[in-house]
$ cat coords-v3.tsv   # TSV, C-alpha atoms
chain	number	residue	atom	x	y	z
A	1	MET	CA	43.04	54.16	-20.23
A	2	LEU	CA	40.61	52.59	-17.80
A	3	LEU	CA	41.77	53.50	-14.35
A	4	LEU	CA	40.35	51.70	-11.40
A	5	ASP	CA	40.79	52.66	-7.79
A	6	PHE	CA	41.12	49.39	-5.96
A	7	ASN	CA	40.79	51.04	-2.56
A	8	SER	CA	37.54	52.81	-3.15
A	9	GLU	CA	34.39	51.74	-1.33
A	10	THR	CA	32.63	51.34	-4.67
A	11	PRO	CA	32.47	47.72	-5.84
A	12	LEU	CA	34.98	46.94	-8.56
A	13	TYR	CA	32.39	46.04	-11.20
A	14	LEU	CA	30.64	49.38	-10.74
A	15	GLN	CA	33.94	51.22	-11.05
A	16	LEU	CA	34.67	49.28	-14.20
A	17	ALA	CA	31.28	50.14	-15.70
A	18	SER	CA	31.72	53.80	-14.87
A	19	ALA	CA	35.30	53.83	-16.26
A	20	ILE	CA	34.00	52.46	-19.58
A	21	GLU	CA	31.25	55.11	-19.56
A	22	ASP	CA	33.82	57.85	-18.90
A	23	ASN	CA	35.76	56.74	-21.94
A	24	ILE	CA	32.62	56.68	-24.08
A	25	LEU	CA	31.86	60.25	-22.99
A	26	ARG	CA	35.42	61.34	-23.77
A	27	GLY	CA	35.16	59.76	-27.20
A	28	VAL	CA	37.87	57.18	-26.55
A	29	PHE	CA	35.31	54.48	-27.33
A	30	GLU	CA	33.10	55.80	-30.10
A	31	GLU	CA	29.65	54.50	-30.88
A	32	GLU	CA	29.64	51.32	-32.96
A	33	THR	CA	33.29	50.64	-32.13
A	34	GLN	CA	34.67	47.80	-30.05
A	35	VAL	CA	35.53	48.07	-26.35
A	36	PRO	CA	38.02	45.78	-24.54
A	37	SER	CA	36.71	42.28	-23.92
A	38	THR	CA	36.11	40.90	-20.43
A	39	THR	CA	39.18	38.74	-20.98
A	40	GLU	CA	41.35	41.74	-21.80
A	41	ILE	CA	39.97	43.63	-18.80
A	42	SER	CA	40.45	40.64	-16.50
A	43	VAL	CA	44.05	40.03	-17.58
A	44	ASN	CA	45.02	43.70	-17.66
A	45	PHE	CA	43.72	44.54	-14.23
A	46	LYS	CA	44.29	41.08	-12.77
A	47	ILE	CA	40.69	40.76	-11.68
A	48	ASN	CA	38.42	37.73	-11.81
A	49	PRO	CA	36.64	37.51	-15.19
A	50	ALA	CA	33.33	37.12	-13.35
A	51	THR	CA	33.85	40.62	-11.89
A	52	ALA	CA	34.80	42.03	-15.29
A	53	GLY	CA	31.78	40.33	-16.84
A	54	LYS	CA	29.47	41.77	-14.20
A	55	GLY	CA	30.62	45.31	-14.99
A	56	VAL	CA	30.27	44.84	-18.73
A	57	ASN	CA	26.88	43.16	-18.41
A	58	LEU	CA	25.61	46.07	-16.38
A	59	LEU	CA	26.27	48.29	-19.41
A	60	VAL	CA	24.64	45.76	-21.71
A	61	ASP	CA	21.52	45.86	-19.52
A	62	ASP	CA	21.57	49.66	-19.66
A	63	GLY	CA	21.71	49.64	-23.45
A	64	ILE	CA	25.20	51.18	-23.51
A	65	LEU	CA	27.04	48.15	-24.92
A	66	TYR	CA	25.93	45.25	-27.08
A	67	LYS	CA	27.44	41.93	-27.91
A	68	LYS	CA	28.32	40.90	-31.44
A	69	ARG	CA	28.47	37.14	-31.38
A	70	GLY	CA	31.98	35.85	-31.87
A	71	VAL	CA	33.40	39.34	-32.29
A	72	GLY	CA	33.09	41.17	-28.98
A	73	MET	CA	31.45	44.06	-27.21
A	74	PHE	CA	30.49	47.24	-29.04
A	75	VAL	CA	29.20	50.68	-28.04
A	76	CYS	CA	25.52	51.17	-28.90
A	77	THR	CA	24.38	54.04	-31.09
A	78	GLY	CA	23.01	56.69	-28.75
A	79	ALA	CA	25.10	55.41	-25.83
A	80	LYS	CA	26.74	58.76	-25.23
A	81	GLU	CA	23.40	60.54	-24.98
A	82	LYS	CA	22.08	57.85	-22.66
A	83	ILE	CA	25.07	58.14	-20.30
A	84	MET	CA	24.81	61.93	-20.26
A	85	GLU	CA	21.14	61.71	-19.38
A	86	LYS	CA	21.79	59.24	-16.60
A	87	ARG	CA	24.65	61.32	-15.18
A	88	ARG	CA	22.72	64.58	-15.38
A	89	ASP	CA	20.18	63.02	-13.05
A	90	VAL	CA	22.81	62.54	-10.37
A	91	PHE	CA	24.83	65.67	-11.13
A	92	TYR	CA	23.11	67.75	-8.47
A	93	GLU	CA	23.43	65.01	-5.87
A	94	ASN	CA	27.05	64.13	-6.66
A	95	PHE	CA	28.58	67.50	-7.39
A	96	ILE	CA	26.45	70.51	-6.50
A	97	ARG	CA	25.58	69.34	-3.03
A	98	THR	CA	29.19	68.52	-2.18
A	99	LEU	CA	30.28	71.84	-3.64
A	100	LEU	CA	27.80	73.77	-1.52
A	101	GLU	CA	28.77	71.86	1.61
A	102	GLU	CA	32.44	72.61	1.08
A	103	ALA	CA	31.66	76.25	0.30
A	104	LYS	CA	29.72	76.49	3.55
A	105	LYS	CA	32.70	75.18	5.51
A	106	LEU	CA	34.92	77.78	3.85
A	107	ASN	CA	32.44	80.63	4.23
A	108	ILE	CA	32.31	81.21	0.48
A	109	SER	CA	29.29	83.31	-0.42
A	110	LYS	CA	26.74	82.54	-3.10
A	111	ASN	CA	28.06	85.38	-5.26
A	112	GLU	CA	31.62	84.19	-4.91
A	113	ILE	CA	30.57	80.69	-6.01
A	114	ILE	CA	28.81	82.10	-9.04
A	115	THR	CA	31.87	84.20	-9.95
A	116	MET	CA	34.09	81.13	-9.66
A	117	ILE	CA	31.77	79.03	-11.82
A	118	GLU	CA	31.76	81.75	-14.45
A	119	ARG	CA	35.55	81.93	-14.33
A	120	GLY	CA	35.68	78.15	-14.81
A	121	ILE	CA	33.36	78.26	-17.79
B	1	MET	CA	26.29	21.00	-8.97
B	2	GLY	CA	29.35	20.56	-6.79
B	3	LEU	CA	32.66	19.31	-8.10
B	4	ILE	CA	34.25	18.92	-4.70
B	5	GLU	CA	32.25	18.27	-1.58
B	6	PHE	CA	33.31	18.11	2.07
B	7	ARG	CA	30.63	16.45	4.17
B	8	GLN	CA	31.01	16.94	7.90
B	9	VAL	CA	34.73	16.35	7.80
B	10	THR	CA	36.62	16.18	11.09
B	11	LYS	CA	40.32	15.59	11.62
B	12	GLU	CA	41.53	14.99	15.15
B	13	TYR	CA	45.08	14.91	16.41
B	14	GLY	CA	44.60	13.60	19.92
B	15	PRO	CA	42.42	16.12	21.69
B	16	VAL	CA	42.95	18.77	19.00
B	17	LYS	CA	40.45	19.17	16.18
B	18	ALA	CA	42.42	20.45	13.18
B	19	LEU	CA	39.20	20.32	11.21
B	20	ASP	CA	35.87	20.38	12.98
B	21	ASN	CA	32.77	19.16	11.15
B	22	ALA	CA	33.54	21.09	7.97
B	23	SER	CA	31.00	20.98	5.15
B	24	LEU	CA	31.66	22.75	1.89
B	25	VAL	CA	30.68	22.56	-1.77
B	26	LEU	CA	32.99	23.83	-4.51
B	27	GLU	CA	31.63	24.33	-7.99
B	28	PRO	CA	33.69	23.72	-11.12
B	29	LEU	CA	35.62	26.47	-12.94
B	30	LYS	CA	35.63	29.04	-10.17
B	31	ILE	CA	38.58	30.57	-8.35
B	32	TYR	CA	38.30	30.04	-4.60
B	33	GLY	CA	40.33	31.65	-1.88
B	34	LEU	CA	40.86	29.47	1.18
B	35	LEU	CA	41.68	32.05	3.80
B	36	GLY	CA	42.69	31.71	7.39
B	37	ARG	CA	45.49	32.36	9.83
B	38	ASN	CA	48.40	30.00	10.24
B	39	GLY	CA	47.15	26.83	11.90
B	40	ALA	CA	43.50	27.51	11.06
B	41	GLY	CA	43.15	24.22	9.21
B	42	LYS	CA	43.71	25.28	5.58
B	43	THR	CA	46.51	22.83	4.90
B	44	THR	CA	44.72	20.04	6.82
B	45	MET	CA	41.76	20.52	4.51
B	46	LEU	CA	43.91	20.42	1.38
B	47	ASN	CA	45.93	17.44	2.64
B	48	ILE	CA	42.72	15.52	3.21
B	49	LEU	CA	41.38	16.49	-0.20
B	50	THR	CA	44.57	15.30	-1.88
B	51	ASN	CA	44.75	12.08	0.15
B	52	LYS	CA	47.94	12.97	2.01
B	53	ILE	CA	46.18	12.32	5.31
B	54	PHE	CA	42.94	10.61	6.26
B	55	PRO	CA	40.01	12.33	7.96
B	56	THR	CA	38.88	11.09	11.36
B	57	SER	CA	35.32	11.19	10.12
B	58	GLY	CA	33.27	12.56	7.25
B	59	GLU	CA	33.29	12.22	3.49
B	60	ILE	CA	35.17	14.09	0.78
B	61	LEU	CA	33.79	13.69	-2.72
B	62	PHE	CA	35.09	14.62	-6.15
B	63	ASN	CA	32.40	14.29	-8.79
B	64	ASN	CA	30.46	12.21	-6.28
B	65	GLU	CA	33.33	9.76	-5.76
B	66	SER	CA	35.33	9.48	-2.57
B	67	VAL	CA	38.81	11.01	-2.90
B	68	ILE	CA	40.32	8.50	-0.47
B	69	GLU	CA	42.78	6.08	-2.09
B	70	ASN	CA	41.29	7.01	-5.44
B	71	ASP	CA	44.11	7.51	-7.95
B	72	ARG	CA	41.81	8.35	-10.82
B	73	VAL	CA	40.32	11.23	-8.88
B	74	GLN	CA	43.68	12.30	-7.42
B	75	SER	CA	45.19	12.65	-10.91
B	76	GLN	CA	42.55	15.32	-11.59
B	77	MET	CA	44.09	17.58	-8.97
B	78	PHE	CA	47.48	19.28	-8.86
B	79	TYR	CA	48.51	20.39	-5.39
B	80	MET	CA	51.28	22.96	-5.13
B	81	THR	CA	52.54	22.76	-1.58
B	82	GLU	CA	55.10	24.72	0.38
B	83	MET	CA	56.95	21.48	0.97
B	84	LYS	CA	60.04	20.45	-0.90
B	85	LEU	CA	59.04	17.39	-2.88
B	86	TYR	CA	61.73	17.26	-5.50
B	87	PRO	CA	65.15	15.62	-5.24
B	88	SER	CA	67.55	18.48	-4.59
B	89	GLY	CA	70.08	17.44	-7.24
B	90	MET	CA	67.47	17.41	-10.00
B	91	ARG	CA	67.59	20.09	-12.68
B	92	ILE	CA	64.45	22.09	-13.28
B	93	SER	CA	64.13	20.79	-16.82
B	94	GLN	CA	64.11	17.27	-15.34
B	95	VAL	CA	61.44	18.28	-12.82
B	96	PHE	CA	59.31	19.44	-15.75
B	97	ARG	CA	59.73	16.11	-17.55
B	98	TRP	CA	59.13	14.18	-14.34
B	99	THR	CA	55.87	16.07	-13.71
B	100	ARG	CA	54.73	15.20	-17.22
B	101	GLU	CA	54.99	11.52	-16.29
B	102	PHE	CA	52.36	12.02	-13.60
B	103	TYR	CA	50.29	14.60	-15.44
B	104	PRO	CA	50.23	13.56	-19.10
B	105	GLN	CA	48.36	16.76	-19.97
B	106	PHE	CA	51.34	18.80	-18.72
B	107	ASP	CA	51.94	21.64	-21.20
B	108	MET	CA	55.73	21.67	-21.68
B	109	GLU	CA	55.72	24.58	-24.11
B	110	TYR	CA	53.70	26.73	-21.74
B	111	ALA	CA	55.92	25.76	-18.80
B	112	GLN	CA	58.99	26.85	-20.76
B	113	ALA	CA	57.35	30.10	-21.80
B	114	LEU	CA	56.51	30.85	-18.16
B	115	ALA	CA	60.04	29.96	-17.05
B	116	HIS	CA	61.32	32.47	-19.60
B	117	LYS	CA	58.95	35.20	-18.35
B	118	PHE	CA	60.02	34.63	-14.75
B	119	ALA	CA	63.69	34.32	-15.80
B	120	LEU	CA	63.90	30.86	-14.25
B	121	ASN	CA	66.99	29.05	-15.53
B	122	LEU	CA	65.95	25.50	-16.47
B	123	ARG	CA	69.48	24.16	-16.18
B	124	LYS	CA	69.66	25.05	-12.49
B	125	GLN	CA	69.42	22.40	-9.81
B	126	VAL	CA	66.47	22.49	-7.42
B	127	LYS	CA	68.78	22.85	-4.39
B	128	THR	CA	70.31	26.07	-5.73
B	129	LEU	CA	66.98	27.91	-5.94
B	130	SER	CA	66.17	30.78	-3.59
B	131	THR	CA	62.86	30.70	-1.67
B	132	GLY	CA	61.31	32.96	-4.30
B	133	TYR	CA	62.49	30.90	-7.25
B	134	SER	CA	61.51	27.68	-5.52
B	135	SER	CA	57.96	29.10	-5.31
B	136	ILE	CA	58.17	30.19	-8.95
B	137	MET	CA	59.16	26.70	-10.09
B	138	LYS	CA	56.23	25.20	-8.21
B	139	LEU	CA	53.84	27.83	-9.57
B	140	ILE	CA	54.91	26.99	-13.09
B	141	LEU	CA	54.43	23.26	-12.51
B	142	ALA	CA	50.93	23.88	-11.17
B	143	MET	CA	49.90	26.25	-13.93
B	144	ALA	CA	51.24	24.03	-16.71
B	145	SER	CA	49.88	20.79	-15.18
B	146	ASN	CA	46.55	21.25	-16.99
B	147	ALA	CA	44.85	19.36	-14.18
B	148	PRO	CA	41.13	20.19	-13.91
B	149	VAL	CA	41.72	21.34	-10.33
B	150	ILE	CA	44.77	23.36	-9.30
B	151	ILE	CA	45.48	23.97	-5.65
B	152	PHE	CA	47.97	26.65	-4.64
B	153	ASP	CA	49.24	26.78	-1.08
B	154	GLU	CA	50.70	30.23	-0.32
B	155	PRO	CA	51.65	30.71	-3.98
B	156	VAL	CA	53.46	34.03	-3.65
B	157	LEU	CA	55.65	33.05	-0.70
B	158	GLY	CA	59.00	34.80	-1.12
B	159	LEU	CA	58.12	36.40	-4.46
B	160	ASP	CA	59.04	40.04	-4.96
B	161	ALA	CA	56.43	42.61	-6.01
B	162	ASN	CA	57.20	42.29	-9.74
B	163	HIS	CA	56.96	38.52	-9.70
B	164	ARG	CA	53.74	38.57	-7.68
B	165	ASP	CA	52.28	40.95	-10.21
B	166	LEU	CA	53.45	38.75	-13.06
B	167	PHE	CA	51.92	35.70	-11.38
B	168	TYR	CA	48.49	37.32	-11.01
B	169	HIS	CA	48.69	38.51	-14.61
B	170	GLU	CA	49.64	35.08	-15.98
B	171	LEU	CA	47.08	33.35	-13.79
B	172	MET	CA	44.31	35.54	-15.18
B	173	ALA	CA	45.55	35.10	-18.76
B	174	ARG	CA	45.59	31.31	-18.39
B	175	TYR	CA	42.28	31.14	-16.56
B	176	ASN	CA	40.49	33.24	-19.17
B	177	GLU	CA	41.80	31.12	-21.99
B	178	HIS	CA	41.51	27.85	-20.16
B	179	PRO	CA	39.11	27.91	-17.19
B	180	GLN	CA	39.96	25.46	-14.41
B	181	THR	CA	38.85	25.06	-10.84
B	182	ILE	CA	41.42	26.87	-8.74
B	183	ILE	CA	41.85	26.88	-4.98
B	184	ILE	CA	44.30	29.40	-3.52
B	185	SER	CA	45.16	28.99	0.12
B	186	THR	CA	46.70	32.11	1.64
B	187	HIS	CA	46.70	34.53	4.53
B	188	LEU	CA	47.52	37.47	2.24
B	189	ILE	CA	43.94	38.37	1.50
B	190	ASP	CA	44.30	42.00	0.34
B	191	GLU	CA	46.46	41.19	-2.61
B	192	ILE	CA	44.58	38.17	-3.85
B	193	ALA	CA	41.01	39.43	-3.37
B	194	ASP	CA	40.48	40.72	-6.90
B	195	VAL	CA	41.38	37.47	-8.64
B	196	LEU	CA	39.04	35.40	-6.45
B	197	GLU	CA	35.42	34.72	-7.15
B	198	GLU	CA	34.55	33.22	-3.78
B	199	ALA	CA	36.15	33.39	-0.36
B	200	ILE	CA	36.15	30.61	2.20
B	201	ILE	CA	37.27	31.72	5.64
B	202	ILE	CA	38.37	29.12	8.14
B	203	LYS	CA	39.20	29.56	11.80
B	204	ASP	CA	40.18	26.98	14.41
B	205	GLY	CA	39.21	24.18	12.04
B	206	ARG	CA	35.73	25.58	11.47
B	207	LEU	CA	34.29	27.25	8.39
B	208	VAL	CA	33.43	30.81	9.33
B	209	LEU	CA	32.16	32.03	6.01
B	210	HIS	CA	31.81	31.08	2.34
B	211	GLN	CA	30.60	33.83	0.04
B	212	PRO	CA	31.38	35.75	-3.16
B	213	VAL	CA	34.28	38.15	-2.61
B	214	GLU	CA	32.21	41.00	-4.02
B	215	GLN	CA	29.74	40.45	-1.18
B	216	LEU	CA	32.47	40.14	1.44
B	217	LEU	CA	34.00	43.43	0.34
B	218	GLN	CA	30.68	45.13	0.81
B	219	SER	CA	30.10	43.79	4.27
B	220	ALA	CA	32.08	46.55	6.00
B	221	TYR	CA	33.08	50.20	5.66
B	222	THR	CA	35.17	52.80	7.43
B	223	VAL	CA	33.77	55.97	8.93
B	224	SER	CA	35.98	58.86	10.03
B	225	GLY	CA	35.78	62.37	11.45
B	226	ALA	CA	35.59	64.14	14.81
B	227	ASP	CA	35.90	61.60	17.64
B	228	ALA	CA	32.67	62.54	19.42
B	229	LYS	CA	30.69	62.38	16.18
B	230	VAL	CA	32.22	59.03	15.25
B	231	ASP	CA	31.39	57.72	18.72
B	232	GLN	CA	27.84	58.91	18.28
B	233	PHE	CA	27.64	57.19	14.89
B	234	ILE	CA	29.08	53.84	15.97
B	235	LYS	CA	26.88	53.50	19.04
B	236	ASN	CA	24.89	50.27	18.58
B	237	ARG	CA	26.92	49.33	15.53
B	238	LYS	CA	29.25	46.37	15.15
B	239	VAL	CA	32.72	47.91	15.24
B	240	ILE	CA	35.60	45.83	13.92
B	241	HIS	CA	38.42	48.21	14.53
B	242	GLN	CA	39.01	51.78	15.69
B	243	GLU	CA	41.86	54.25	15.63
B	244	THR	CA	42.26	57.73	17.03
B	245	LEU	CA	44.66	60.48	16.17
B	246	GLY	CA	44.15	63.42	18.50
B	247	ARG	CA	40.52	64.40	18.11
B	248	LEU	CA	40.26	62.50	14.87
B	249	LYS	CA	38.80	59.03	14.87
B	250	SER	CA	38.15	56.33	12.33
B	251	ALA	CA	36.16	53.16	12.90
B	252	ALA	CA	35.55	50.13	10.73
B	253	VAL	CA	31.97	48.94	10.91
B	254	TYR	CA	30.82	45.42	10.04
B	255	GLU	CA	27.62	46.17	8.20
B	256	GLN	CA	26.62	46.51	4.57
B	257	LEU	CA	26.79	50.10	3.37
B	258	ASN	CA	23.58	51.67	2.03
B	259	SER	CA	22.34	55.14	1.20
B	260	GLN	CA	20.66	55.60	4.58
B	261	ILE	CA	23.99	54.96	6.33
B	262	ARG	CA	25.67	57.42	3.98
B	263	ARG	CA	23.10	60.08	4.84
B	264	ASP	CA	23.46	59.41	8.58
B	265	ALA	CA	27.23	59.78	8.31
B	266	GLU	CA	26.96	62.88	6.18
B	267	ALA	CA	24.56	64.50	8.64
B	268	LEU	CA	27.27	64.15	11.30
B	269	GLY	CA	29.93	65.49	8.95
B	270	LEU	CA	31.67	62.12	8.72
B	271	ASP	CA	33.49	60.56	5.77
B	272	ILE	CA	32.80	57.05	4.55
B	273	SER	CA	35.42	54.96	2.82
B	274	GLY	CA	35.99	51.38	1.75
B	275	ALA	CA	36.11	48.13	3.63
B	276	PRO	CA	39.49	47.56	5.21
B	277	LEU	CA	39.77	44.01	3.96
B	278	GLN	CA	42.72	42.95	6.06
B	279	LYS	CA	40.97	44.35	9.17
B	280	LEU	CA	37.78	42.56	8.23
B	281	PHE	CA	39.74	39.37	7.82
B	282	ILE	CA	41.45	39.79	11.19
B	283	TYR	CA	38.08	40.42	12.78
B	284	LEU	CA	36.52	37.34	11.22
B	285	THR	CA	39.43	35.10	12.15
B	286	ASN	CA	40.25	36.37	15.62

$ encode --input "coords-v3.tsv" --output "structure tokens"
Amino acid sequence: MLLLDFNSETPLYLQLASAIEDNILRGVFEEETQVPSTTEISVNFKINPATAGKGVNLLVDDGILYKKRGVGMFVCTGAKEKIMEKRRDVFYENFIRTLLEEAKKLNISKNEIITMIERGI
Amino acid sequence: MGLIEFRQVTKEYGPVKALDNASLVLEPLKIYGLLGRNGAGKTTMLNILTNKIFPTSGEILFNNESVIENDRVQSQMFYMTEMKLYPSGMRISQVFRWTREFYPQFDMEYAQALAHKFALNLRKQVKTLSTGYSSIMKLILAMASNAPVIIFDEPVLGLDANHRDLFYHELMARYNEHPQTIIISTHLIDEIADVLEEAIIIKDGRLVLHQPVEQLLQSAYTVSGADAKVDQFIKNRKVIHQETLGRLKSAAVYEQLNSQIRRDAEALGLDISGAPLQKLFIYLTN
């Protein structure tokens, strides 16, 4: 479900937030449905609840999750769209730039890249 | 507001300062890691806190009361030590009952449930336990004590990977349901880091650092690539550790990672990866 890479240089709470986002995008957590609680996350991954809470609260601040008092955390309506928008902004930076750098190292031409992208689509 | 406070505490053994002017404030309901090499002063600190030994000078307060010769305060803390405190002929079930005499809040049902999960046979005598199971028994006593403060000294000593995993899992389950102030003294920092909220690093009796683990983890990174490029990058930087493999080099840098550093590394064709925690720890305690 939520997979965290404990050796990555990214802080754990950020990884947690992005893992929850991934699962919202994939439709594992649908809008207006409940996501695992900080307690469940903390126990499952054996991480301090303060860390789990920090990750979840980040998504609350971003308007992705909201808290129903006494019930738990839920996915906001429009969360999926919001995440997509946010990720599109960094898509070029995170993926295209790396792709072009790697292509340069391998001497892959612009046309070859385009052909590959078309094949992938 | 501090629950436990060390105020300029020194412990001398002849000319040796086992603890040297240590000041520290611990807040309630957090999980602290007390980290340091063997002989750094971790156990001295805990022994002073739990009134096993007296400080040479300084004050140690629990809720603003001195901990020295203070039974009321001492009953608020459960200290799981490496030492063998229990009569060797005693059965584990008797140890459980005995502990309940001293800690009336002791949760017998929970202790039995944990014993079942760890496959600890309650009819066994203490003297027949392996190192691992001796640790497990003491872990269970500590976790079920229900004392407001639980102190673990090298809790996973001799435990196999499955049991260590089970311990961290049960500790988190209990803590979430039932928050307590927890102090874990260990030199195995990598494994414990994620369950801690704050790290206290001690070296030669002195406090080196006290900060949130999240912050500690971000205080270093590793850079790797062609040796000449790495050398160029690490010039004027605080290097904790370096390794070379042919023309390949990696270096751990003690500095908080930011986007400018990432760009600098990228411009040189270098890769950035996470903080090598154990290396960072060795650096800070060497």

$ closest_residue --input "coords-v3.tsv" --among "B:Ala220, B:Arg237, B:Ser75, B:Asp204" --to "Arg100 (chain B)" --atoms "all atoms listed in the file"
B:Ser75

$ residues_near_point --input "coords-v3.tsv" --point "(30.7, 50.8, -30.5)" --cutoff "12 Å" --atoms "all atoms listed in the file" --output "PDB file with C-alpha atoms, keeping the file's coordinate frame"
ATOM      1  CA  ILE A  20      34.000  52.460 -19.580  1.00  0.00           C
ATOM      2  CA  GLU A  21      31.250  55.110 -19.560  1.00  0.00           C
ATOM      3  CA  ASN A  23      35.760  56.740 -21.940  1.00  0.00           C
ATOM      4  CA  ILE A  24      32.620  56.680 -24.080  1.00  0.00           C
ATOM      5  CA  GLY A  27      35.160  59.760 -27.200  1.00  0.00           C
ATOM      6  CA  VAL A  28      37.870  57.180 -26.550  1.00  0.00           C
ATOM      7  CA  PHE A  29      35.310  54.480 -27.330  1.00  0.00           C
ATOM      8  CA  GLU A  30      33.100  55.800 -30.100  1.00  0.00           C
ATOM      9  CA  GLU A  31      29.650  54.500 -30.880  1.00  0.00           C
ATOM     10  CA  GLU A  32      29.640  51.320 -32.960  1.00  0.00           C
ATOM     11  CA  THR A  33      33.290  50.640 -32.130  1.00  0.00           C
ATOM     12  CA  GLN A  34      34.670  47.800 -30.050  1.00  0.00           C
ATOM     13  CA  VAL A  35      35.530  48.070 -26.350  1.00  0.00           C
ATOM     14  CA  PRO A  36      38.020  45.780 -24.540  1.00  0.00           C
ATOM     15  CA  VAL A  60      24.640  45.760 -21.710  1.00  0.00           C
ATOM     16  CA  GLY A  63      21.710  49.640 -23.450  1.00  0.00           C
ATOM     17  CA  ILE A  64      25.200  51.180 -23.510  1.00  0.00           C
ATOM     18  CA  LEU A  65      27.040  48.150 -24.920  1.00  0.00           C
ATOM     19  CA  TYR A  66      25.930  45.250 -27.080  1.00  0.00           C
ATOM     20  CA  LYS A  67      27.440  41.930 -27.910  1.00  0.00           C
ATOM     21  CA  LYS A  68      28.320  40.900 -31.440  1.00  0.00           C
ATOM     22  CA  VAL A  71      33.400  39.340 -32.290  1.00  0.00           C
ATOM     23  CA  GLY A  72      33.090  41.170 -28.980  1.00  0.00           C
ATOM     24  CA  MET A  73      31.450  44.060 -27.210  1.00  0.00           C
ATOM     25  CA  PHE A  74      30.490  47.240 -29.040  1.00  0.00           C
ATOM     26  CA  VAL A  75      29.200  50.680 -28.040  1.00  0.00           C
ATOM     27  CA  CYS A  76      25.520  51.170 -28.900  1.00  0.00           C
ATOM     28  CA  THR A  77      24.380  54.040 -31.090  1.00  0.00           C
ATOM     29  CA  GLY A  78      23.010  56.690 -28.750  1.00  0.00           C
ATOM     30  CA  ALA A  79      25.100  55.410 -25.830  1.00  0.00           C
ATOM     31  CA  LYS A  80      26.740  58.760 -25.230  1.00  0.00           C
TER      32      LYS A  80
END

$ interface_residues --input "coords-v3.tsv" --of "chain A" --to "chain B" --cutoff "8 Å" --atoms "all atoms listed in the file" --output "PyMOL selection string"
chain A and resi 7-12+39+42-51

$ atom_distance --input "coords-v3.tsv" --atom1 "CA of Met143 (chain B)" --atom2 "CA of Ala113 (chain B)"
11.5 Å

$ residues_around --input "coords-v3.tsv" --residues "Ala103 (chain A)" --least-positions-apart "6" --cutoff "10 Å" --atoms "only C-alpha atoms" --output "ChimeraX atom specification"
/A:97,109-110,112-113

$ atom_distance --input "coords-v3.tsv" --atom1 "CA of Thr56 (chain B)" --atom2 "CA of Thr10 (chain B)"
5.6 Å

$ decode --input "coords-v3.tsv" --residues "region 52-63 of chain A" --atoms "N, CA and C atoms" --output "PDB file, in the first residue's frame"
ATOM      1  N   ALA A  52       4.451  10.859  11.664  1.00  0.00           N
ATOM      2  CA  ALA A  52       3.258  10.514  10.879  1.00  0.00           C
ATOM      3  C   ALA A  52       2.300  11.706  10.842  1.00  0.00           C
ATOM      4  N   GLY A  53       2.134  12.339  12.004  1.00  0.00           N
ATOM      5  CA  GLY A  53       1.233  13.485  12.089  1.00  0.00           C
ATOM      6  C   GLY A  53       1.697  14.647  11.229  1.00  0.00           C
ATOM      7  N   LYS A  54       3.010  14.825  11.169  1.00  0.00           N
ATOM      8  CA  LYS A  54       3.568  15.925  10.377  1.00  0.00           C
ATOM      9  C   LYS A  54       3.247  15.736   8.889  1.00  0.00           C
ATOM     10  N   GLY A  55       3.380  14.487   8.424  1.00  0.00           N
ATOM     11  CA  GLY A  55       3.080  14.181   7.028  1.00  0.00           C
ATOM     12  C   GLY A  55       1.615  14.394   6.711  1.00  0.00           C
ATOM     13  N   VAL A  56       0.753  13.913   7.601  1.00  0.00           N
ATOM     14  CA  VAL A  56      -0.687  14.037   7.385  1.00  0.00           C
ATOM     15  C   VAL A  56      -1.113  15.511   7.454  1.00  0.00           C
ATOM     16  N   ASN A  57      -0.559  16.236   8.421  1.00  0.00           N
ATOM     17  CA  ASN A  57      -0.926  17.648   8.561  1.00  0.00           C
ATOM     18  C   ASN A  57      -0.513  18.499   7.362  1.00  0.00           C
ATOM     19  N   LEU A  58       0.563  18.080   6.726  1.00  0.00           N
ATOM     20  CA  LEU A  58       1.004  18.776   5.520  1.00  0.00           C
ATOM     21  C   LEU A  58      -0.112  18.717   4.473  1.00  0.00           C
ATOM     22  N   LEU A  59      -0.747  17.542   4.363  1.00  0.00           N
ATOM     23  CA  LEU A  59      -1.811  17.363   3.381  1.00  0.00           C
ATOM     24  C   LEU A  59      -3.091  18.082   3.809  1.00  0.00           C
ATOM     25  N   VAL A  60      -3.261  18.221   5.124  1.00  0.00           N
ATOM     26  CA  VAL A  60      -4.412  18.980   5.614  1.00  0.00           C
ATOM     27  C   VAL A  60      -4.216  20.454   5.227  1.00  0.00           C
ATOM     28  N   ASP A  61      -3.003  20.958   5.445  1.00  0.00           N
ATOM     29  CA  ASP A  61      -2.697  22.349   5.092  1.00  0.00           C
ATOM     30  C   ASP A  61      -2.858  22.608   3.598  1.00  0.00           C
ATOM     31  N   ASP A  62      -2.571  21.579   2.788  1.00  0.00           N
ATOM     32  CA  ASP A  62      -2.685  21.735   1.333  1.00  0.00           C
ATOM     33  C   ASP A  62      -4.115  21.547   0.834  1.00  0.00           C
ATOM     34  N   GLY A  63      -5.038  21.256   1.740  1.00  0.00           N
ATOM     35  CA  GLY A  63      -6.420  21.039   1.318  1.00  0.00           C
ATOM     36  C   GLY A  63      -6.638  19.712   0.620  1.00  0.00           C
TER      37      GLY A  63
END
